[in-house]
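Trainee: One structure coming up, written as structure tokens, with questions to follow.
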Amino acid sequence: MKQLWAFIKVNLKDALQYREDILLFTLSGAAQPIVSLLVWSVISSSTGNSLPLSQNQILEYFIILMFVKVVTSAWGGWFVSQDIKEGNISKLLLKPTSIFYEQMGNNISEKILKIIYLIPIVAIIQFFNPFNINFSLIPIFIPALLVSVLMMFLFDLTLTTSAFWLEENGAVYQFFEISMFFLSGSVIPLIVMPDLIRAITNYLPFRYIISFPIEILMGSLTDSQIVYGFVMQVIWLFFAICIYKFCWKKGFKAYSASGA
Amino acid sequence: MQYRANFFFWMFVQAVYVFLHIYTIDIMYRFTNSILGWNKAEMLFLAGIFRVIEGTFHIVFHPNVLRIPQRVNDGKLDIYLTKPVNSLFMISTRYQGWDEISTVITGVILVMYSLLMLGKLNVYSLILSIIVCFLGEIATFSMMLVFASWSFFIEKMTSIKSLWEVASRTVRNPMEIYSHNKIVLEVILFPLTIIATLPAQIVLEKIPVVMLLIEVLLVSILFLGSYAFWKFALRHYSSASS
């Protein structure tokens, strides 16, 4: 814990140095949900009632999505991949700490800054298009979101390990990203998806990273659905932890430091 | 071809991506027949045109223009400035990313397929499509050059990649979606309109074909403007290595 705190402090200083850069990252993260929001509002206004989401719900959905995406996003894996390929990871192996804490520290500190940047964006939208958040649901929303963050973080760092075996692993990331894009509800709310795909997403991890917390906060789930969702989240989190440990263990065995 | 496994997996990923893109459009049109006057085939055409533009950008310019900020940062820009050719030409075309050829191919297929659906698959439409794609490409390049030139003024701009993502996600939809017929927004968003929306409208005969002249004019202005900005920004360059 002390280590983590130290990493957060170091990274926060680093992040503050490049605040414009992080502002741009935040804006770009917010842009996709806003684009989707506009597209779906247009569709909703041209159909009347056949869409299972009202105009207001669409607004709510994408605003919460914006927040959830910023909080859950994980980016460290790509950098760690680079370190693995170039052999820089050897340095880290010698330190009395773990990659997990180092990345976690980086992740948390940048997110703090990103959330601060997000506040004015949400405030502006709230000003032009008022929307309601049901605050009584926040105590259920937060734990779900925390599991999401952890899951995403672990998956990201697990995908990294493909760099131990592949010299170029960009496509692996791309594949995960596309699956996330389509199956997590980040572009199309899962509720408007055809039944078959919705049924599939109930078993895959993606929904539990993005859509599930949003659904909770929008109050669109029944009690039993919430319980089911949490159970699935815990199962996938457990899976994520196992596969993370497994891949890193195997990866280090396969690792031959370049330049050593 | 050095990383063959990655290359073929990349092709596969791209194919999945196109499929999902088409499927997304399909889902949207389950709830309506027309989105702001664009029917499904027209929307697919726009998607196809943009894929060609995006793919070409990824092959020719992405590995170069988007690396300008990094080069400014570490001072490697010097190498380009000292060569006896136009530095912008040099720095914009040095590397190629051939992995993305699949994006262009799938884009072409999408363009042909949507034109077939619209009953407009003929030589005239195809030639016009090639012309507008070329114009859209220059517009895209100019826009990203402006972003890249900012890096001379601010400390670190690795986020230019995410800026490109935003731009590419935004312009693949008809721009009317963002402006809601509000004149202020239309004016602000106009530079983005000339990348894909206007080109698609010209080929689909949604606007008179004379607009092609306007498009050429606007793209030229944008290009010259961005070139001037690049030149201006270059004067602010203080090499990190000397």
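Chain lettering (A, B, ...) mirrors the order of the structure tokens, residue numbering begins at 1 for each chain separately, and ligand numbering begins at 1 in order of display.
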Enumerate, in order of chain and increasing residue number, the residues of chain B with an atom no farther than 6 Å from chain A, each with its shortest atom pair and distance in Å to one decimal, counting only C-alpha atoms, as a Markdown table.
Mentor:
| residue | atom | partner | partner_atom | distance |
| --- | --- | --- | --- | --- |
| B:Trp10 | CA | A:Ala171 | CA | 5.1 |
| B:Val13 | CA | A:Phe175 | CA | 5.9 |
| B:Thr32 | CA | A:Thr47 | CA | 5.6 |
| B:Met157 | CA | A:Asp21 | CA | 5.7 |
| B:Ser159 | CA | A:Phe25 | CA | 5.9 |
| B:Ser162 | CA | A:Ser28 | CA | 5.9 |
| B:Val166 | CA | A:Ser28 | CA | 5.6 |
Trainee: Got time to write the residues from that selection, C-alpha atoms, as a PDB file, in the first residue's frame?
Mentor:
ATOM      1  CA  TRP B  10      -4.262  -7.561 -38.301  1.00  0.00           C
ATOM      2  CA  VAL B  13      -9.056  -7.868 -37.091  1.00  0.00           C
ATOM      3  CA  THR B  32     -35.704   4.159 -38.740  1.00  0.00           C
ATOM      4  CA  MET B 157       1.577  16.236 -27.620  1.00  0.00           C
ATOM      5  CA  SER B 159      -2.156  12.717 -27.533  1.00  0.00           C
ATOM      6  CA  SER B 162      -6.239  10.354 -29.771  1.00  0.00           C
ATOM      7  CA  VAL B 166     -11.735  11.659 -32.329  1.00  0.00           C
TER       8      VAL B 166
END
Trainee: Taking the chain letters and numbering used in this document, name the residues of range 41-227 of chain B that DSSP puts in helix (DSSP H, G or I), as a PyMOL selection string.
Mentor: chain B and resi 41-65+68-74+77-81+87-93+98-117+123-150+160-171+176-179+183-193+197-203+211-227
Trainee: Show me, as a PyMOL selection string, the residues that have an atom within 12 Å of Met180 in chain A when counting only C-alpha atoms, minus same-chain residues fewer than 6 positions from it.
Mentor: (chain A and resi 69+72-73+152+155-156+173-174+186-188+190+201+204-211) or (chain B and resi 17+20)
Trainee: Work out how far CA of Gly105 in chain A is from CA of Tyr117 in chain A, in Å to one decimal.
Mentor: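 Between CA of Tyr117 in chain A and CA of Gly105 in chain A the gap is 18.8 Å.
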Trainee: For CA of Val10 in chain A and CA of Glu86 in chain A, quote the distance in Å rounded to one decimal.
Mentor: 23.5 Å
Trainee: As a list in words, please: the residues near Leu222 in chain B (cut-off 10 Å, only C-alpha atoms, same-chain neighbours under 3 positions excluded).
Mentor: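 Non-adjacent residues within range: Ile138, Ala139, Thr140, Phe141, Ser142, Met143, Val146, Pro191, Ile194, Val216, Leu217, Leu218, Val219, Gly225, Ser226, Tyr227 and Ala228 of chain B.
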Trainee: Do you know which residues are at most 9 Å from Thr106 in chain B counting only C-alpha atoms, after dropping those on the same chain fewer than 4 positions away, and could you put them as a VMD selection string?
Mentor: chain B and resid 14 to 15 18 48 51 to 52 101 to 102 110 to 111
Trainee: Near range 233-250 of chain A, counting only C-alpha atoms, which residues have an atom at most 8 Å away, once you skip same-chain residues fewer than 4 positions from it, shown as a list in words?
Mentor: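 That gives Ala144, Val147, Ser148, Leu150, Met151, Leu154, Phe155, Leu157, Thr158, Thr161, Pro205, Tyr208, Gly229 and Ala254 of chain A.
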Trainee: Would you pick out the contacts of Trp230 in chain B at 12 Å or less, using only C-alpha atoms, so that residues sharing its chain but fewer than 3 positions from it are not included, and give the list as an mmCIF file with N, CA, C and O atoms, in the first residue's frame?
Mentor:
data_model
loop_
_atom_site.group_PDB
_atom_site.id
_atom_site.type_symbol
_atom_site.label_atom_id
_atom_site.label_comp_id
_atom_site.auth_asym_id
_atom_site.auth_seq_id
_atom_site.Cartn_x
_atom_site.Cartn_y
_atom_site.Cartn_z
ATOM 1 N N VAL B 65 3.031 12.028 -40.048
ATOM 2 C CA VAL B 65 2.478 13.265 -39.501
ATOM 3 C C VAL B 65 2.234 13.137 -38.002
ATOM 4 O O VAL B 65 2.531 14.045 -37.230
ATOM 5 N N ILE B 68 5.234 13.738 -35.810
ATOM 6 C CA ILE B 68 5.898 15.046 -35.773
ATOM 7 C C ILE B 68 6.088 15.539 -34.334
ATOM 8 O O ILE B 68 7.201 15.939 -33.973
ATOM 9 N N SER B 87 10.941 20.161 -46.452
ATOM 10 C CA SER B 87 10.948 19.415 -45.199
ATOM 11 C C SER B 87 9.581 18.795 -44.910
ATOM 12 O O SER B 87 9.492 17.705 -44.362
ATOM 13 N N LEU B 88 8.513 19.482 -45.318
ATOM 14 C CA LEU B 88 7.189 18.932 -45.055
ATOM 15 C C LEU B 88 6.970 17.658 -45.860
ATOM 16 O O LEU B 88 6.473 16.660 -45.345
ATOM 17 N N PHE B 89 7.407 17.690 -47.125
ATOM 18 C CA PHE B 89 7.266 16.500 -47.957
ATOM 19 C C PHE B 89 8.043 15.343 -47.346
ATOM 20 O O PHE B 89 7.553 14.228 -47.201
ATOM 21 N N ILE B 91 9.076 14.889 -44.214
ATOM 22 C CA ILE B 91 8.619 14.381 -42.922
ATOM 23 C C ILE B 91 7.237 13.730 -43.037
ATOM 24 O O ILE B 91 6.831 12.963 -42.184
ATOM 25 N N SER B 142 -4.279 17.964 -44.186
ATOM 26 C CA SER B 142 -4.128 19.358 -43.759
ATOM 27 C C SER B 142 -4.569 19.530 -42.316
ATOM 28 O O SER B 142 -3.893 20.188 -41.521
ATOM 29 N N MET B 143 -5.704 18.910 -41.982
ATOM 30 C CA MET B 143 -6.220 19.053 -40.631
ATOM 31 C C MET B 143 -5.228 18.500 -39.611
ATOM 32 O O MET B 143 -4.914 19.141 -38.607
ATOM 33 N N MET B 144 -4.706 17.300 -39.892
ATOM 34 C CA MET B 144 -3.788 16.696 -38.937
ATOM 35 C C MET B 144 -2.467 17.455 -38.877
ATOM 36 O O MET B 144 -1.812 17.484 -37.838
ATOM 37 N N LEU B 145 -2.096 18.084 -39.990
ATOM 38 C CA LEU B 145 -0.870 18.875 -39.993
ATOM 39 C C LEU B 145 -1.000 20.067 -39.050
ATOM 40 O O LEU B 145 -0.061 20.411 -38.324
ATOM 41 N N VAL B 146 -2.189 20.663 -39.049
ATOM 42 C CA VAL B 146 -2.418 21.781 -38.134
ATOM 43 C C VAL B 146 -2.237 21.307 -36.695
ATOM 44 O O VAL B 146 -1.545 21.926 -35.896
ATOM 45 N N PHE B 147 -2.855 20.147 -36.373
ATOM 46 C CA PHE B 147 -2.706 19.616 -35.006
ATOM 47 C C PHE B 147 -1.242 19.334 -34.695
ATOM 48 O O PHE B 147 -0.739 19.660 -33.624
ATOM 49 N N ALA B 148 -0.554 18.718 -35.662
ATOM 50 C CA ALA B 148 0.845 18.349 -35.426
ATOM 51 C C ALA B 148 1.700 19.594 -35.217
ATOM 52 O O ALA B 148 2.652 19.577 -34.433
ATOM 53 N N SER B 149 1.334 20.678 -35.918
ATOM 54 C CA SER B 149 2.141 21.897 -35.795
ATOM 55 C C SER B 149 2.010 22.547 -34.419
ATOM 56 O O SER B 149 2.883 23.298 -34.010
ATOM 57 N N TRP B 150 0.920 22.241 -33.719
ATOM 58 C CA TRP B 150 0.783 22.781 -32.358
ATOM 59 C C TRP B 150 1.926 22.347 -31.479
ATOM 60 O O TRP B 150 2.279 23.023 -30.530
ATOM 61 N N SER B 151 2.487 21.199 -31.790
ATOM 62 C CA SER B 151 3.500 20.637 -30.908
ATOM 63 C C SER B 151 4.726 21.542 -30.807
ATOM 64 O O SER B 151 5.538 21.385 -29.910
ATOM 65 N N PHE B 152 4.850 22.508 -31.709
ATOM 66 C CA PHE B 152 5.960 23.450 -31.592
ATOM 67 C C PHE B 152 5.720 24.425 -30.437
ATOM 68 O O PHE B 152 6.625 25.058 -29.964
ATOM 69 N N PHE B 153 4.466 24.530 -30.053
ATOM 70 C CA PHE B 153 4.133 25.531 -29.024
ATOM 71 C C PHE B 153 3.886 24.900 -27.658
ATOM 72 O O PHE B 153 4.116 25.540 -26.655
ATOM 73 N N PHE B 223 -5.565 23.386 -47.349
ATOM 74 C CA PHE B 223 -4.193 22.897 -47.515
ATOM 75 C C PHE B 223 -3.186 24.033 -47.416
ATOM 76 O O PHE B 223 -2.209 23.952 -46.670
ATOM 77 N N LEU B 224 -3.470 25.119 -48.158
ATOM 78 C CA LEU B 224 -2.541 26.244 -48.134
ATOM 79 C C LEU B 224 -2.460 26.858 -46.743
ATOM 80 O O LEU B 224 -1.384 27.206 -46.266
ATOM 81 N N GLY B 225 -3.622 26.924 -46.090
ATOM 82 C CA GLY B 225 -3.671 27.465 -44.730
ATOM 83 C C GLY B 225 -2.825 26.639 -43.787
ATOM 84 O O GLY B 225 -2.025 27.166 -43.013
ATOM 85 N N SER B 226 -2.970 25.332 -43.874
ATOM 86 C CA SER B 226 -2.225 24.471 -42.955
ATOM 87 C C SER B 226 -0.729 24.526 -43.266
ATOM 88 O O SER B 226 0.106 24.474 -42.368
ATOM 89 N N TYR B 227 -0.409 24.675 -44.542
ATOM 90 C CA TYR B 227 1.005 24.761 -44.925
ATOM 91 C C TYR B 227 1.611 26.046 -44.362
ATOM 92 O O TYR B 227 2.728 26.039 -43.820
ATOM 93 N N ALA B 233 4.883 27.761 -37.647
ATOM 94 C CA ALA B 233 5.247 26.998 -36.447
ATOM 95 C C ALA B 233 6.718 26.602 -36.473
ATOM 96 O O ALA B 233 7.401 26.604 -35.456
ATOM 97 N N LEU B 234 7.189 26.293 -37.662
ATOM 98 C CA LEU B 234 8.567 25.844 -37.819
ATOM 99 C C LEU B 234 9.547 26.907 -37.332
ATOM 100 O O LEU B 234 10.618 26.604 -36.827
ATOM 101 N N ARG B 235 9.144 28.149 -37.472
ATOM 102 C CA ARG B 235 10.021 29.229 -37.035
ATOM 103 C C ARG B 235 10.167 29.230 -35.512
ATOM 104 O O ARG B 235 11.081 29.828 -34.972
ATOM 105 N N HIS B 236 9.225 28.545 -34.830
ATOM 106 C CA HIS B 236 9.301 28.476 -33.371
ATOM 107 C C HIS B 236 10.120 27.285 -32.894
ATOM 108 O O HIS B 236 10.206 27.014 -31.709
ATOM 109 N N TYR B 237 10.682 26.562 -33.824
ATOM 110 C CA TYR B 237 11.373 25.337 -33.457
ATOM 111 C C TYR B 237 12.746 25.643 -32.894
ATOM 112 O O TYR B 237 13.565 26.289 -33.534
#
Trainee: Could you jot down the CA of Asn132 in chain A to CA of Pro213 in chain A separation for me, Å, one decimal place?
Mentor: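 Pair CA of Asn132 in chain A / CA of Pro213 in chain A returns 16.0 Å.
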Trainee: Looking at only C-alpha atoms, which of B:Phe61, B:Tyr80, B:Phe45, B:Phe31 is the one that sits closest to Ile202 in chain B?
Mentor: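 Distance minimum relative to Ile202 in chain B lands on B:Phe45.
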